[in-house]
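Colleague: My structure is below; once you've seen it, I'll send some questions.
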Amino acid sequence: MAYTTIDKPTDYFNTVIYTGNGNDNHSITGVGFQADFIWVKARSATKEHRLQNSVAGITNHMRSNATNAESGGSVKTVDSDGFTLGTSLSWNQNTTTYASWNWLAGGSASSNSDGSITSSVSANTTAGFSIVSFTGTGSDATVGHGLNVAPDMVIVKSRDAVRNWGVYHRSLGGDDSLKLNLTDATTTSLDCWNDLDPTSSVVHLGTTGGTNVSGEDAIMYCFHSVKGYNKFGSYTGNGNTDGPFIYTGFKPAFVIVKNTVTSPTDWIMIDNKRLYPNLTLAEESQAYDLFSNGFKATTTSGNNNASGQTYIYMAFAESPFVSSGGIPTTAK
């Protein structure tokens with residue numbers, strides 16, 4: 001039986017639900033740590049996703065549903081147990097409810113010369129997560145990611161220009177890519193990753209797809225699976241409301257799913273309710289059941305569970321199925 005290596009997942013990833021009040025310096029608490037990556041989305045209103053991180057500067061943001069370059073944001077400061085907001089309606093509209101997903105990386109960034117491009121990296125090797133900033137060269141290159149295990153998932157976006165988000169997932173391999181802001185299936189014609197999987201030290205970048213444009217600053221999020229805490233994998237849909245069960249080894253707190261075969265299909269975000277990272281829609285009803293050791297599709301939608309279709313996922317734990325001491329948890 002797979003014992004976890006992290007008994008308390010909320011030390012590294014935590015979801016906080018809050019309500020905006022429209023006032024400057026609105027303090028959000030309950031994160032439990034000083035987050036390095038904050039992803040915010042309104043639950044009760046049609047607003048864009050806002051992503052900000054400590055490496056690019058926590059007061060800047062980009063939008064997972066759009067191609068916009070980086071711009072100023074409304075997260076003013078990050079605190080030891082949360083963050084403080086300004087008055088922007090995308091983060092802090094009066095009476096609007098929001099979800100914030102918060103990750104702990106490694107704090108202040110350090111220079112990394114493992115790749116042909118020198119990068120700035122904030123890495124948390126315990127939780128398998130790093131934030132990487134680098135400047136593209138326009139030539140085949142490598143970028144150090146700061147982890148000691150090859151990433152299972154990589155998300156890249158130009159900070160300077162209107163470009164798509166590039167997504168690598170190990171289930172697809174280095175010759176395929178997805179775009180976080182689009183409904184497209186996988187693409188093999190764009191040389192995002194130089195047709196190579198990441199290694200334990202670097203991510204490979206090609207010359208097309210917007211992941212490595214000469215002179216453009218980019219931000220990259222790298223993740224690898226950590227037993228009992230997170231998992232990155234794939235499943236095949238069966239087209240039945242009694243859908244496939246996906247074993248994770250923990251009770252999921254947060255899951256993102258994408259159909260890799262059919263276009264158009266949305267990216268699905270699961271956190272008790274369903275959201276779309278590529279759309280601005282308000283919260284919708286759940287399309288999956290969450291269990292103590294995995295999750296299960298409960299619809300026949302092409303977004304979730306079309307027969308014979310392949311889906312990738314990323315999942316983070318609320319609680320492990322079995323503790324590091326081999327004791328089953330009471331998660332339901």
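Ordered as shown in the structure tokens, chains take letters A, B, and onward, while each chain numbers its residues from 1 and ligands are numbered from 1 in the order shown.
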Would you write out, as a tab-separated table, a table of all residues in segment 176-257 of chain A that have an atom no more than 12 Å from an atom of segment 95-114 of chain A, listing for each the closest atom pair and the distance in Å to one decimal, considering only C-alpha atoms and ordering rows by chain and rising residue number?

Modeller:
```
residue	atom	partner	partner_atom	distance
A:Thr199	CA	A:Asp114	CA	10.8
A:Ser200	CA	A:Asp114	CA	10.3
A:Ser201	CA	A:Asp114	CA	6.5
A:Val202	CA	A:Asp114	CA	6.7
A:Val203	CA	A:Asp114	CA	9.9
A:His204	CA	A:Asp114	CA	11.5
A:Tyr221	CA	A:Ala105	CA	10.0
A:Cys222	CA	A:Ala105	CA	10.2
A:Phe223	CA	A:Ala105	CA	10.5
A:Ala253	CA	A:Trp101	CA	10.0
A:Phe254	CA	A:Trp101	CA	8.5
A:Val255	CA	A:Trp101	CA	11.1
```

Colleague: Would you please extract all strand (DSSP E or B) residues from segment 197-247 of chain A, as assigned by DSSP on the backbone, and give them as a count of residues only?

Modeller: 22

Colleague: Ranking A:Thr135, A:Ser158, A:Ser54, A:Thr19 by minimum distance to Trp91 of chain A and counting only C-alpha atoms, which one comes first?

Modeller: A:Thr19

Colleague: I need the residues in segment 42-157 of chain A that are helix (DSSP H, G or I) according to DSSP; give them as a list in words.

Modeller: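 Listing helix (DSSP H, G or I) positions across segment 42-157 of chain A yields Leu89, Ser90, Trp91 and Asn92 of chain A.
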
Colleague: What does the file look like for those residues with N, CA and C atoms, as a PDB file, in the first residue's frame?

Modeller:
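Generated file (part-v6.pdb):
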```pdb
ATOM      1  N   LEU A  89     -12.500  44.474  -9.338  1.00  0.00           N
ATOM      2  CA  LEU A  89     -13.686  43.623  -9.271  1.00  0.00           C
ATOM      3  C   LEU A  89     -13.363  42.158  -9.551  1.00  0.00           C
ATOM      4  N   SER A  90     -12.269  41.891 -10.263  1.00  0.00           N
ATOM      5  CA  SER A  90     -11.915  40.496 -10.558  1.00  0.00           C
ATOM      6  C   SER A  90     -11.468  39.734  -9.323  1.00  0.00           C
ATOM      7  N   TRP A  91     -11.036  40.457  -8.287  1.00  0.00           N
ATOM      8  CA  TRP A  91     -10.611  39.844  -7.023  1.00  0.00           C
ATOM      9  C   TRP A  91     -11.529  40.193  -5.850  1.00  0.00           C
ATOM     10  N   ASN A  92     -12.205  41.340  -5.929  1.00  0.00           N
ATOM     11  CA  ASN A  92     -12.779  41.878  -4.704  1.00  0.00           C
ATOM     12  C   ASN A  92     -14.049  42.704  -4.961  1.00  0.00           C
TER      13      ASN A  92
END
```

Colleague: Can you pull out the residues contacting Phe134 of chain A? Cut-off 6 Å, using only C-alpha atoms, and skip same-chain residues under 4 positions away; I want them as an MDAnalysis selection string.

Modeller: chainID A and resid 119 217:218

Colleague: If you keep C-alpha atoms, can you produce a file of those selected residues as a PDB file, in the first residue's frame?

Modeller:
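Generated file (selection_3.pdb):
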```
ATOM      1  CA  SER A 119      16.584  30.926 -15.008  1.00  0.00           C
ATOM      2  CA  ASP A 217      10.330  36.966 -20.565  1.00  0.00           C
ATOM      3  CA  ALA A 218       8.259  33.910 -19.646  1.00  0.00           C
TER       4      ALA A 218
END
```
